[in-house]
Structure formats: structure tokens, C-alpha cells
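Reading through the C-alpha cells given below for one structure.
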Amino acid sequence: MFNSISGTITYKGASVVYLENNGIEWEIHTSSKSISLIPSINNNARIMTYLHVREDNITLYGFNDEKERSLFFELIKINGIGPKQALKILSGISVDDFISALDSENISLLSTLPGIGQKTAQKIVLAMRGKLLKDSIADVSASSSQYNDIIKALTDMGFEYRKASKTVEIIAKEDDIKNLDFAEKEKAILKKAIIALSSM
């Protein structure tokens, strides 16, 4: 699992950037919001990533910050919304504005976003309302940047992203975890997180 890639921007399109890192040029699909914030060609950048693997396709998605990636993860959990549609949604609205619309059940606003009609907007509100808070998405960046593999494994098991992120963050600070080497630390955090989340 790639958490992020750093390198030199070699191309910026409407929904894709190329980033060169140690002789490898990565094709990274991203939202227009992130495109506008990523540095221009020939400048260095760090892009948060998500590798989506299917039997017939492997696609690397990128995000300017952890808040956008967190929302992306929540969107693709919804039945009928895949990574490409999630990027279209993120291209049409900021993370904070999306959460505000969600909390106020502003279906009329959500239904105007790219790739969303009224039925999909209603589905999003039903699935996500109350799960996302602006501060919570901002707070997960520290833990998820270091332990993203663990959080991804937990969400794949069905645990909610925000709870998984906060649980991992808390466990990582425990005294018996701090002194372990990283490989052992990951195993211990994952085991403890599964137990903690299962009891919630």
C-alpha cells in the first residue's frame, strides 16, 4: 500500500497528473480540486495516494491532503459509488462544504454535484450522515499518514474509517507499543484495534 509519493510533477491534466520519482513516472488520477492545489510542472510535490486493484485494472488515485482522501474512502464504501465517481464528486465541492451539506441534509446541493442525481444524493445522506465531522477528518491525518495500511485493513474488515483512525492513533501512543520496532508495532496495533473496535 502506498501512503504517498514524492517527486517532480511532469504533467497536469484535467483529472490526472504525472509524477516522476527515481526514474519512474507515475500516472495518478485525482480530482480537479487537488489538481488546482498541486504544484505546477517541474516543481516538487507530495501526493497522498490510494492504489485501487481489480482483476482487469490497477489505478493509482491521488489527493492533495488527508481530508480529501478520508472523504474518498467514505464515499467508495457506499454501494454504487466507485473510485471514479467519488473523484467526480470531490471535483465539484470542497470537503468542508460537502460535510456541511451532509449534516444539513442539503440534498438539492448534493444532487447538483457531478455524477450525483437526487436518488444518489439521498443514498449518500442516509449512508453518511453523522459519520463525518470536519474536525474528525482533520484529526485523522497524523495517525493515518503513518499507519494507513492498518487503517485500510480495518476498513476492509467493515470498521468505520473515523473510528478506526482514532483507535489506531490512541493505541499507537500506549507505552507497551512505543518501544516495539515498526513491523512488530503494526501487528500489535492491528490486533488491539480489532479487539477494541469489535467491543464498540
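In the C-alpha cells, each chain is lettered A, B, ... as it comes, each chain's residues begin at 1, and ligands are numbered from 1 in order of appearance.
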
For range 45-62 of chain A: contacts at 7 Å, only C-alpha atoms, fewer than 4 positions along chain excluded, given as a PyMOL selection string: chain A and resi 1-9+27-30+38-39+66

Save out the residues we just selected, all heavy atoms, as a short mmCIF file (atom, residue, chain, number, x, y, z; two decimals), in the first residue's frame.
```cif
data_model
loop_
_atom_site.label_atom_id
_atom_site.label_comp_id
_atom_site.auth_asym_id
_atom_site.auth_seq_id
_atom_site.Cartn_x
_atom_site.Cartn_y
_atom_site.Cartn_z
N MET A 1 0.85 -1.20 0.00
CA MET A 1 0.00 0.00 0.00
C MET A 1 0.88 1.24 0.00
O MET A 1 1.77 1.37 0.82
CB MET A 1 -0.90 0.00 1.24
CG MET A 1 -1.74 1.24 1.41
SD MET A 1 -3.03 1.39 0.16
CE MET A 1 -3.78 2.94 0.63
N PHE A 2 0.64 2.13 -0.95
CA PHE A 2 1.36 3.40 -0.99
C PHE A 2 0.59 4.42 -0.15
O PHE A 2 -0.59 4.62 -0.38
CB PHE A 2 1.46 3.92 -2.43
CG PHE A 2 2.16 2.97 -3.38
CD1 PHE A 2 1.45 2.22 -4.29
CD2 PHE A 2 3.54 2.86 -3.35
CE1 PHE A 2 2.09 1.37 -5.16
CE2 PHE A 2 4.19 2.01 -4.21
CZ PHE A 2 3.46 1.25 -5.13
N ASN A 3 1.26 5.07 0.77
CA ASN A 3 0.61 6.15 1.51
C ASN A 3 0.73 7.46 0.75
O ASN A 3 -0.21 8.23 0.68
CB ASN A 3 1.22 6.31 2.90
CG ASN A 3 0.56 7.41 3.68
OD1 ASN A 3 -0.63 7.37 3.92
ND2 ASN A 3 1.33 8.42 4.06
N SER A 4 1.92 7.71 0.18
CA SER A 4 2.13 8.92 -0.61
C SER A 4 3.33 8.71 -1.51
O SER A 4 4.13 7.80 -1.30
CB SER A 4 2.36 10.14 0.29
OG SER A 4 3.59 10.02 0.98
N ILE A 5 3.43 9.56 -2.53
CA ILE A 5 4.58 9.55 -3.43
C ILE A 5 5.08 10.98 -3.56
O ILE A 5 4.30 11.89 -3.79
CB ILE A 5 4.23 8.99 -4.82
CG1 ILE A 5 3.69 7.56 -4.71
CG2 ILE A 5 5.46 9.00 -5.74
CD1 ILE A 5 3.27 6.96 -6.03
N SER A 6 6.39 11.15 -3.42
CA SER A 6 7.00 12.47 -3.58
C SER A 6 7.89 12.47 -4.82
O SER A 6 8.56 11.48 -5.11
CB SER A 6 7.84 12.82 -2.35
OG SER A 6 7.05 12.89 -1.19
N GLY A 7 7.88 13.57 -5.53
CA GLY A 7 8.70 13.66 -6.73
C GLY A 7 8.43 14.95 -7.49
O GLY A 7 7.92 15.92 -6.92
N THR A 8 8.74 14.92 -8.77
CA THR A 8 8.59 16.10 -9.62
C THR A 8 7.38 15.97 -10.53
O THR A 8 7.23 14.94 -11.21
CB THR A 8 9.85 16.31 -10.48
OG1 THR A 8 10.99 16.40 -9.62
CG2 THR A 8 9.74 17.58 -11.31
N ILE A 9 6.54 16.98 -10.56
CA ILE A 9 5.38 16.97 -11.45
C ILE A 9 5.86 17.15 -12.89
O ILE A 9 6.57 18.10 -13.21
CB ILE A 9 4.40 18.11 -11.09
CG1 ILE A 9 3.89 17.95 -9.66
CG2 ILE A 9 3.23 18.14 -12.08
CD1 ILE A 9 3.08 16.71 -9.40
N GLU A 27 1.40 7.65 -13.06
CA GLU A 27 0.15 8.26 -13.53
C GLU A 27 -0.83 8.23 -12.36
O GLU A 27 -1.20 7.16 -11.88
CB GLU A 27 -0.42 7.49 -14.72
CG GLU A 27 -1.73 8.08 -15.23
CD GLU A 27 -2.32 7.25 -16.37
OE1 GLU A 27 -2.93 6.19 -16.07
OE2 GLU A 27 -2.16 7.63 -17.54
N ILE A 28 -1.23 9.40 -11.90
CA ILE A 28 -2.07 9.49 -10.71
C ILE A 28 -3.37 10.23 -11.06
O ILE A 28 -3.36 11.38 -11.48
CB ILE A 28 -1.34 10.25 -9.58
CG1 ILE A 28 0.01 9.57 -9.29
CG2 ILE A 28 -2.20 10.28 -8.33
CD1 ILE A 28 0.88 10.33 -8.30
N HIS A 29 -4.49 9.55 -10.88
CA HIS A 29 -5.80 10.14 -11.14
C HIS A 29 -6.28 10.90 -9.90
O HIS A 29 -6.20 10.38 -8.79
CB HIS A 29 -6.80 9.05 -11.52
CG HIS A 29 -6.44 8.34 -12.79
ND1 HIS A 29 -7.03 8.65 -14.00
CD2 HIS A 29 -5.54 7.36 -13.05
CE1 HIS A 29 -6.50 7.88 -14.94
NE2 HIS A 29 -5.60 7.09 -14.40
N THR A 30 -6.77 12.09 -10.12
CA THR A 30 -7.13 12.92 -8.97
C THR A 30 -8.29 13.85 -9.31
O THR A 30 -8.74 13.93 -10.46
CB THR A 30 -5.90 13.72 -8.50
OG1 THR A 30 -6.21 14.42 -7.30
CG2 THR A 30 -5.45 14.71 -9.56
N ILE A 38 -2.11 21.19 -6.52
CA ILE A 38 -0.81 20.53 -6.73
C ILE A 38 0.12 21.49 -7.47
O ILE A 38 -0.30 22.19 -8.39
CB ILE A 38 -1.01 19.23 -7.53
CG1 ILE A 38 -1.73 18.19 -6.65
CG2 ILE A 38 0.32 18.66 -8.02
CD1 ILE A 38 -2.17 16.96 -7.40
N PRO A 39 1.39 21.57 -7.09
CA PRO A 39 2.34 22.48 -7.76
C PRO A 39 2.39 22.29 -9.27
O PRO A 39 2.02 21.23 -9.79
CB PRO A 39 3.68 22.12 -7.11
CG PRO A 39 3.31 21.57 -5.77
CD PRO A 39 2.03 20.83 -5.98
N GLU A 66 -4.97 14.72 3.37
CA GLU A 66 -5.60 13.57 4.00
C GLU A 66 -7.12 13.75 4.16
O GLU A 66 -7.88 12.78 4.13
CB GLU A 66 -4.96 13.31 5.37
CG GLU A 66 -5.50 12.08 6.08
CD GLU A 66 -5.31 10.80 5.29
OE1 GLU A 66 -4.28 10.65 4.61
OE2 GLU A 66 -6.22 9.95 5.33
#
```

Range 70-77 of chain A environment, 8 Å, only C-alpha atoms, sequence neighbours closer than 2 positions dropped, as a PyMOL selection string: chain A and resi 66-68+79+81-83+86-87+90+95+124+128+137+161

Selected residue of minimal separation from Thr112 in chain A among A:Ala14, A:Ile89, A:Met200, A:Ile99, counting only C-alpha atoms: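 Closest to Thr112 in chain A of all the choices is A:Ile89.
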
For CA of Ala172 in chain A and CA of Asp156 in chain A, the interatomic separation in Å (one decimal):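 Taking CA of Ala172 in chain A and CA of Asp156 in chain A, their separation equals 19.9 Å.
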
Top pick for closest residue to Phe159 in chain A, considering A:Val16, A:Leu109, A:Leu37, A:Ala196 and counting only C-alpha atoms: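 Looking only at the distances to Phe159 in chain A, the closest residue turns out to be A:Ala196.
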
Between CA of Glu184 in chain A and CA of Tyr147 in chain A, distance in Å (one decimal):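 Computed distance, CA of Glu184 in chain A to CA of Tyr147 in chain A, equals 12.6 Å.
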
Which of range 16-160 of chain A DSSP labels helix (DSSP H, G or I), written as a PyMOL selection string: chain A and resi 32-37+66-76+83-92+95-103+107-110+118-128+134-139+141-156
